[in-house]
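Source file: structure.txt; contents: compact mmCIF, C-alpha atoms.
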# COMPACT_ATOMS: atom_id res chain seq x y z
CA MET T 224 -17.47 -25.51 -7.66
CA ALA T 225 -20.71 -24.00 -8.91
CA VAL T 226 -22.58 -25.83 -11.65
CA LEU T 227 -22.22 -22.89 -14.04
CA THR T 228 -18.46 -22.69 -13.43
CA LEU T 229 -18.12 -26.45 -13.92
CA GLY T 230 -20.09 -26.11 -17.16
CA PHE T 231 -17.64 -23.48 -18.41
CA VAL T 232 -14.72 -25.72 -17.41
CA PHE T 233 -16.11 -28.61 -19.46
CA LEU T 234 -16.93 -26.28 -22.36
CA PHE T 235 -13.32 -25.08 -22.37
CA ILE T 236 -12.08 -28.69 -22.29
CA LEU T 237 -14.37 -29.60 -25.22
CA ILE T 238 -13.15 -26.63 -27.26
CA ALA T 239 -9.51 -27.41 -26.46
CA GLY T 240 -10.06 -31.06 -27.41
CA GLY T 241 -11.69 -30.09 -30.70
CA LEU T 242 -8.82 -27.77 -31.46
CA ARG T 243 -6.43 -30.73 -31.10
CA SER T 244 -8.01 -32.21 -34.24
CA VAL T 245 -7.55 -28.90 -36.03
CA GLU T 246 -3.94 -28.92 -34.82
CA VAL T 247 -3.42 -32.36 -36.38
CA GLY T 248 -4.69 -30.93 -39.68
CA CYS T 249 -2.41 -27.90 -39.41
CA GLN T 250 0.62 -30.06 -38.63
CA ASN T 251 -0.02 -32.49 -41.47
CA THR T 252 -0.66 -29.74 -44.01
CA GLN T 253 2.49 -27.95 -42.91
CA LYS T 254 4.47 -31.20 -43.33
CA MET T 255 3.30 -31.53 -46.94
CA TYR T 256 4.81 -28.16 -47.80
CA VAL T 257 7.79 -27.90 -45.44
CA ARG T 258 8.78 -31.58 -45.86
CA ASP T 259 10.91 -31.74 -42.71
CA VAL T 260 9.48 -33.03 -39.42
CA TRP T 261 11.88 -31.07 -37.21
CA LEU T 262 11.44 -27.83 -39.11
CA CYS T 263 7.65 -28.27 -38.84
CA ALA T 264 7.98 -28.71 -35.08
CA VAL T 265 10.23 -25.64 -34.75
CA VAL T 266 7.84 -23.53 -36.84
CA SER T 267 4.87 -24.72 -34.75
CA TYR T 268 6.60 -23.90 -31.49
CA ALA T 269 7.87 -20.56 -32.79
CA VAL T 270 4.31 -19.57 -33.70
CA ALA T 271 3.06 -20.81 -30.31
CA LEU T 272 5.81 -18.93 -28.45
CA THR T 273 4.98 -15.74 -30.34
CA GLY T 274 1.26 -16.12 -29.64
CA PHE T 275 1.69 -16.89 -25.96
CA SER T 276 4.21 -14.06 -25.59
CA ILE T 277 1.56 -11.66 -26.90
CA PHE T 278 -1.00 -13.14 -24.46
CA LEU T 279 1.52 -12.78 -21.62
CA LEU T 280 2.12 -9.13 -22.49
CA ILE T 281 -1.62 -8.45 -22.57
CA SER T 282 -2.05 -10.29 -19.28
CA VAL T 283 0.72 -8.28 -17.61
CA LEU T 284 -0.78 -5.02 -18.84
CA VAL T 285 -4.37 -5.87 -17.95
CA SER T 286 -4.28 -8.02 -14.81
CA LYS T 287 -1.02 -6.95 -13.21
CA SER T 288 -0.45 -10.56 -12.08
CA PRO T 289 2.50 -10.96 -9.74
CA TRP T 290 5.64 -12.59 -11.13
CA PRO T 291 7.18 -15.54 -9.30
CA SER T 292 9.83 -14.75 -6.74
CA LEU T 293 13.26 -16.36 -6.73
CA ALA T 294 12.06 -18.48 -3.80
CA ASP T 295 9.13 -19.69 -5.90
CA LEU T 296 11.48 -20.64 -8.71
CA ARG T 297 13.90 -22.39 -6.32
CA HIS T 298 11.06 -24.64 -5.14
CA LEU T 299 9.91 -25.46 -8.66
CA PRO T 300 10.40 -29.20 -9.29
CA TRP T 301 13.15 -29.85 -11.85
CA TRP T 302 10.74 -31.58 -14.23
CA ALA T 303 8.01 -28.90 -14.27
CA PRO T 304 9.41 -26.76 -17.13
CA PHE T 305 9.56 -29.74 -19.50
CA GLY T 306 5.81 -29.82 -20.25
CA GLY T 307 6.25 -28.14 -23.62
CA LEU T 308 9.03 -30.51 -24.63
CA VAL T 309 6.94 -33.51 -23.60
CA GLY T 310 4.03 -32.05 -25.59
CA GLY T 311 6.40 -31.83 -28.52
CA VAL T 312 6.31 -35.62 -28.75
CA ALA T 313 2.60 -35.32 -29.57
CA VAL T 314 3.42 -32.75 -32.24
CA ILE T 315 6.00 -35.08 -33.81
CA GLY T 316 3.35 -37.83 -33.75
CA MET T 317 0.87 -35.54 -35.48
CA ILE T 318 3.40 -34.63 -38.13
CA THR T 319 4.69 -38.14 -38.79
CA VAL T 320 1.92 -40.70 -38.33
CA ALA T 321 -1.54 -39.12 -38.17
CA ARG T 322 -1.89 -39.04 -41.95
CA TYR T 323 -1.55 -42.84 -42.09
CA VAL T 324 -4.38 -43.62 -39.68
CA GLY T 325 -6.53 -40.50 -39.95
CA VAL T 326 -7.32 -37.76 -37.48
CA ALA T 327 -10.05 -39.67 -35.63
CA THR T 328 -7.99 -42.80 -35.03
CA PHE T 329 -4.86 -40.80 -34.16
CA ASN T 330 -6.74 -38.74 -31.59
CA ALA T 331 -8.57 -41.79 -30.24
CA VAL T 332 -5.29 -43.60 -29.58
CA VAL T 333 -3.83 -40.43 -28.04
CA ILE T 334 -6.88 -40.17 -25.77
CA VAL T 335 -6.46 -43.77 -24.61
CA SER T 336 -2.80 -43.28 -23.81
CA GLU T 337 -3.52 -39.98 -22.05
CA MET T 338 -6.33 -41.61 -20.05
CA LEU T 339 -4.30 -44.64 -18.95
CA VAL T 340 -1.34 -42.53 -17.82
CA ALA T 341 -3.75 -40.08 -16.16
CA LEU T 342 -5.45 -42.91 -14.24
CA VAL T 343 -2.08 -43.91 -12.76
CA MET T 344 -1.18 -40.27 -12.04
CA ASP T 345 -4.53 -39.67 -10.32
CA ASP T 346 -4.39 -42.93 -8.37
CA LEU T 347 -0.91 -42.16 -7.04
CA GLY T 348 -1.39 -38.39 -6.76
CA LEU T 349 1.65 -37.76 -8.95
CA MET T 350 2.96 -34.37 -10.06
CA GLY T 351 0.90 -32.38 -7.57
CA PHE T 352 -2.53 -33.80 -8.41
CA THR T 353 -5.05 -34.75 -5.74
CA VAL T 354 -5.40 -38.52 -5.27
CA ARG T 355 -8.39 -39.92 -7.15
CA HIS T 356 -8.27 -43.68 -6.88
CA ALA T 357 -8.74 -45.98 -9.87
CA THR T 358 -12.10 -47.27 -8.68
CA PRO T 359 -14.01 -50.02 -10.51
CA PRO T 360 -16.30 -47.50 -12.30
CA ARG T 361 -13.27 -45.54 -13.54
CA LEU T 362 -11.57 -48.75 -14.69
CA VAL T 363 -14.74 -49.92 -16.49
CA ALA T 364 -14.98 -46.52 -18.20
CA ALA T 365 -11.33 -46.83 -19.25
CA GLY T 366 -12.02 -50.32 -20.63
CA LEU T 367 -15.01 -49.05 -22.61
CA ILE T 368 -12.94 -46.22 -24.06
CA CYS T 369 -10.21 -48.70 -25.01
CA ALA T 370 -12.83 -50.89 -26.73
CA ALA T 371 -14.16 -47.86 -28.62
CA VAL T 372 -10.66 -46.97 -29.77
CA TYR T 373 -10.10 -50.55 -30.92
CA LEU T 374 -13.24 -50.28 -33.07
CA MET T 375 -12.10 -46.89 -34.40
CA ALA T 376 -8.61 -48.19 -35.24
CA LYS T 377 -9.95 -51.38 -36.80
CA ASP T 378 -12.00 -49.28 -39.21
CA SER T 379 -9.30 -46.71 -40.06
CA ALA T 380 -8.37 -47.89 -43.55
CA PRO T 381 -8.66 -44.97 -46.00
CA ALA T 382 -11.38 -44.90 -48.62
CA ASP T 383 -10.10 -45.18 -52.19
CA SER T 384 -10.45 -41.45 -52.87
CA ALA T 385 -8.80 -40.60 -49.57
CA THR T 386 -5.50 -42.34 -50.26
CA THR T 387 -4.19 -39.01 -51.52
CA PRO T 388 -4.98 -36.11 -49.17
CA ALA T 389 -7.35 -33.52 -50.67
CA ILE T 390 -4.70 -30.82 -50.46
CA GLU T 391 -2.37 -32.86 -52.67
CA ARG T 392 -5.18 -33.57 -55.17
CA VAL T 393 -6.02 -29.86 -55.40
CA SER T 394 -2.41 -28.70 -55.76
CA ARG T 395 -1.68 -30.97 -58.71
Turn the structure described in the file into structure tokens.
Amino acid sequence: MAVLTLGFVFLFILIAGGLRSVEVGCQNTQKMYVRDVWLCAVVSYAVALTGFSIFLLISVLVSKSPWPSLADLRHLPWWAPFGGLVGGVAVIGMITVARYVGVATFNAVVIVSEMLVALVMDDLGLMGFTVRHATPPRLVAAGLICAAVYLMAKDSAPADSATTPAIERVSR
């Protein structure tokens, strides 16, 4: 992979990661007004489905990408379509607990859990990924990230003025 292409890949990952923090803010703000965790999740996924449906339509019109054949779909592993539902667990976490620990600590803990599961998936080559063994440098990096998250979580108590979210203070 060319250096420039790899740079764009990492830039995309950085933008997507930053947008996860924005997503936490959107979910928590929505919860304050909607007041129901499940309705918040349904609204979030309805908006996402609408947006991605529009992107799919544009993609079909512009790129003329081939659709999967019935044979392709028959060979699809049974668990593959459940990615969105599994991701929904993260959305429920954002809606229910992020406000108690803050965006930074919530995302830090999510990153640690993602990284630890990913290390196992890479090491075993699960779910179609190429095997990338959990070498000592990767394990040391994981340990350092865990230590950083511990420090982040240890210091996650809200400041006095932050005990009430700004949106609630403004709307009063």
Leaving out segment 357-367 of chain T and any residue of its chain fewer than 5 positions from it, which residues lie within 8 Å of it when counting only C-alpha atoms, given as a PyMOL selection string?
chain T and resi 335+338-339+342-343+345-346
Using only C-alpha atoms: which of T:Trp301, T:Ala331, T:Glu337, T:Ala370 has the shortest distance to Met350 of chain T
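Closest residue, counting only C-alpha atoms: T:Trp301.
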Extract, using all atoms listed in the file, all DNA, RNA and protein residues at most 12 Å from Val265 of chain T, discarding same-chain residues fewer than 5 positions from it, and format them as a PyMOL selection string.
chain T and resi 250+253-254+257+259-260+270-272+308+311+314-315+318
Between T:Phe278, T:Phe352, T:Phe329, T:Phe231, which one has atoms that come closest to Met317 of chain T, using only C-alpha atoms?
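Closest candidate: T:Phe329.
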To one decimal in Å, tell me the separation between atom CA of Ala264 of chain T and atom CA of Val312 of chain T.
9.5 Å
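One distance worth recording is that between atom CA of Ser282 of chain T and atom CA of Pro300 of chain T, which is 24.7 Å.
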Please report the interatomic distance between atom CA of Tyr373 of chain T and atom CA of Val326 of chain T in Å with one decimal.
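We find that atom CA of Tyr373 of chain T and atom CA of Val326 of chain T lie 14.6 Å from each other.
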Can you work out which one of T:Leu229, T:Ile238, T:Cys263, T:Val285 has the shortest atom-to-atom distance to Gly316 of chain T, counting all atoms listed in the file?
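Checking each of T:Leu229, T:Ile238, T:Cys263, T:Val285 against Gly316 of chain T, counting all atoms listed in the file, the winner is T:Cys263.
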Pick the closest to Ala303 of chain T from T:Leu374, T:Ile334, T:Ala321, T:Gly351: which is it, counting all atoms listed in the file?
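Of the candidates, the smallest distance to Ala303 of chain T is held by T:Gly351.
Of the residues under consideration (T:Leu284, T:Val247, T:Ala382, T:Val226), T:Val247 shows the shortest atom-to-atom contact distance to Val333 of chain T when counting only C-alpha atoms.
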Write out as a list in words each polymer residue whose atoms come within 7 Å of Ser379 of chain T, counting all atoms listed in the file; drop sequence neighbours fewer than 6 positions from it.
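Here the qualifying residues turn out to be Val324, Gly325 and Thr328 of chain T.
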Which protein, DNA or RNA residues have an atom at most 8 Å from (-7.1, -34.7, -33.4), counting all atoms listed in the file? List them as a PyMOL selection string.
chain T and resi 240-248+326-327+329-331
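Shortest atom-to-atom contact with Ala376 of chain T among T:Leu349, T:Val332, T:Gly310, T:Met344: T:Val332, counting all atoms listed in the file.
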Work out where the centre of an axis-aligned box around every listed atom of segment 262-280 of chain T lies and how long its edges are once 6 Å is added on each side; give both in Å to one decimal as lines of an AutoDock Vina configuration file.
center_x = 5.2
center_y = -18.9
center_z = -30.4
size_x = 24.4
size_y = 31.6
size_z = 29.5
Could you add N, CA, C and O atoms to segment 356-379 of chain T and give me the result as an mmCIF file, keeping the file's coordinate frame?
data_model
loop_
_atom_site.group_PDB
_atom_site.id
_atom_site.type_symbol
_atom_site.label_atom_id
_atom_site.label_comp_id
_atom_site.auth_asym_id
_atom_site.auth_seq_id
_atom_site.Cartn_x
_atom_site.Cartn_y
_atom_site.Cartn_z
ATOM 1 N N HIS T 356 -8.589 -42.262 -6.681
ATOM 2 C CA HIS T 356 -8.270 -43.680 -6.880
ATOM 3 C C HIS T 356 -8.908 -44.259 -8.138
ATOM 4 O O HIS T 356 -9.979 -43.818 -8.569
ATOM 5 N N ALA T 357 -8.241 -45.249 -8.686
ATOM 6 C CA ALA T 357 -8.740 -45.980 -9.870
ATOM 7 C C ALA T 357 -9.794 -46.966 -9.385
ATOM 8 O O ALA T 357 -9.520 -48.148 -9.219
ATOM 9 N N THR T 358 -10.984 -46.463 -9.190
ATOM 10 C CA THR T 358 -12.100 -47.270 -8.680
ATOM 11 C C THR T 358 -12.656 -48.145 -9.804
ATOM 12 O O THR T 358 -12.410 -47.883 -10.991
ATOM 13 N N PRO T 359 -13.420 -49.175 -9.454
ATOM 14 C CA PRO T 359 -14.010 -50.020 -10.510
ATOM 15 C C PRO T 359 -14.792 -49.239 -11.567
ATOM 16 O O PRO T 359 -14.620 -49.514 -12.755
ATOM 17 N N PRO T 360 -15.626 -48.242 -11.224
ATOM 18 C CA PRO T 360 -16.300 -47.500 -12.300
ATOM 19 C C PRO T 360 -15.332 -46.787 -13.241
ATOM 20 O O PRO T 360 -15.549 -46.752 -14.452
ATOM 21 N N ARG T 361 -14.256 -46.228 -12.690
ATOM 22 C CA ARG T 361 -13.270 -45.540 -13.540
ATOM 23 C C ARG T 361 -12.549 -46.551 -14.438
ATOM 24 O O ARG T 361 -12.260 -46.263 -15.596
ATOM 25 N N LEU T 362 -12.249 -47.727 -13.898
ATOM 26 C CA LEU T 362 -11.570 -48.750 -14.690
ATOM 27 C C LEU T 362 -12.481 -49.308 -15.783
ATOM 28 O O LEU T 362 -12.037 -49.569 -16.903
ATOM 29 N N VAL T 363 -13.783 -49.478 -15.467
ATOM 30 C CA VAL T 363 -14.740 -49.920 -16.490
ATOM 31 C C VAL T 363 -14.853 -48.871 -17.589
ATOM 32 O O VAL T 363 -14.848 -49.196 -18.785
ATOM 33 N N ALA T 364 -14.926 -47.598 -17.202
ATOM 34 C CA ALA T 364 -14.980 -46.520 -18.200
ATOM 35 C C ALA T 364 -13.733 -46.551 -19.079
ATOM 36 O O ALA T 364 -13.834 -46.419 -20.308
ATOM 37 N N ALA T 365 -12.568 -46.747 -18.475
ATOM 38 C CA ALA T 365 -11.330 -46.830 -19.250
ATOM 39 C C ALA T 365 -11.373 -48.013 -20.213
ATOM 40 O O ALA T 365 -10.959 -47.906 -21.373
ATOM 41 N N GLY T 366 -11.886 -49.138 -19.754
ATOM 42 C CA GLY T 366 -12.020 -50.320 -20.630
ATOM 43 C C GLY T 366 -12.953 -50.057 -21.796
ATOM 44 O O GLY T 366 -12.672 -50.461 -22.929
ATOM 45 N N LEU T 367 -14.064 -49.371 -21.537
ATOM 46 C CA LEU T 367 -15.010 -49.050 -22.610
ATOM 47 C C LEU T 367 -14.378 -48.102 -23.632
ATOM 48 O O LEU T 367 -14.573 -48.261 -24.841
ATOM 49 N N ILE T 368 -13.624 -47.137 -23.140
ATOM 50 C CA ILE T 368 -12.940 -46.220 -24.060
ATOM 51 C C ILE T 368 -11.913 -46.971 -24.893
ATOM 52 O O ILE T 368 -11.795 -46.756 -26.101
ATOM 53 N N CYS T 369 -11.190 -47.886 -24.269
ATOM 54 C CA CYS T 369 -10.210 -48.700 -25.010
ATOM 55 C C CYS T 369 -10.913 -49.530 -26.084
ATOM 56 O O CYS T 369 -10.423 -49.653 -27.210
ATOM 57 N N ALA T 370 -12.070 -50.107 -25.748
ATOM 58 C CA ALA T 370 -12.830 -50.890 -26.730
ATOM 59 C C ALA T 370 -13.292 -49.998 -27.884
ATOM 60 O O ALA T 370 -13.227 -50.394 -29.057
ATOM 61 N N ALA T 371 -13.740 -48.791 -27.570
ATOM 62 C CA ALA T 371 -14.160 -47.860 -28.620
ATOM 63 C C ALA T 371 -12.994 -47.506 -29.533
ATOM 64 O O ALA T 371 -13.143 -47.443 -30.760
ATOM 65 N N VAL T 372 -11.834 -47.303 -28.963
ATOM 66 C CA VAL T 372 -10.660 -46.970 -29.770
ATOM 67 C C VAL T 372 -10.260 -48.165 -30.639
ATOM 68 O O VAL T 372 -9.870 -47.996 -31.796
ATOM 69 N N TYR T 373 -10.382 -49.359 -30.108
ATOM 70 C CA TYR T 373 -10.100 -50.550 -30.920
ATOM 71 C C TYR T 373 -11.006 -50.570 -32.149
ATOM 72 O O TYR T 373 -10.543 -50.810 -33.266
ATOM 73 N N LEU T 374 -12.300 -50.302 -31.945
ATOM 74 C CA LEU T 374 -13.240 -50.280 -33.070
ATOM 75 C C LEU T 374 -12.887 -49.173 -34.053
ATOM 76 O O LEU T 374 -12.966 -49.366 -35.269
ATOM 77 N N MET T 375 -12.490 -48.013 -33.541
ATOM 78 C CA MET T 375 -12.100 -46.890 -34.400
ATOM 79 C C MET T 375 -10.866 -47.273 -35.212
ATOM 80 O O MET T 375 -10.820 -47.072 -36.425
ATOM 81 N N ALA T 376 -9.863 -47.837 -34.558
ATOM 82 C CA ALA T 376 -8.610 -48.190 -35.240
ATOM 83 C C ALA T 376 -8.820 -49.306 -36.250
ATOM 84 O O ALA T 376 -8.222 -49.304 -37.329
ATOM 85 N N LYS T 377 -9.682 -50.250 -35.911
ATOM 86 C CA LYS T 377 -9.950 -51.380 -36.800
ATOM 87 C C LYS T 377 -10.578 -50.907 -38.114
ATOM 88 O O LYS T 377 -10.386 -51.509 -39.159
ATOM 89 N N ASP T 378 -11.295 -49.796 -38.041
ATOM 90 C CA ASP T 378 -12.000 -49.280 -39.210
ATOM 91 C C ASP T 378 -11.316 -48.022 -39.758
ATOM 92 O O ASP T 378 -11.968 -47.140 -40.289
ATOM 93 N N SER T 379 -9.980 -47.947 -39.661
ATOM 94 C CA SER T 379 -9.300 -46.710 -40.060
ATOM 95 C C SER T 379 -8.673 -46.768 -41.447
ATOM 96 O O SER T 379 -7.973 -45.849 -41.832
#
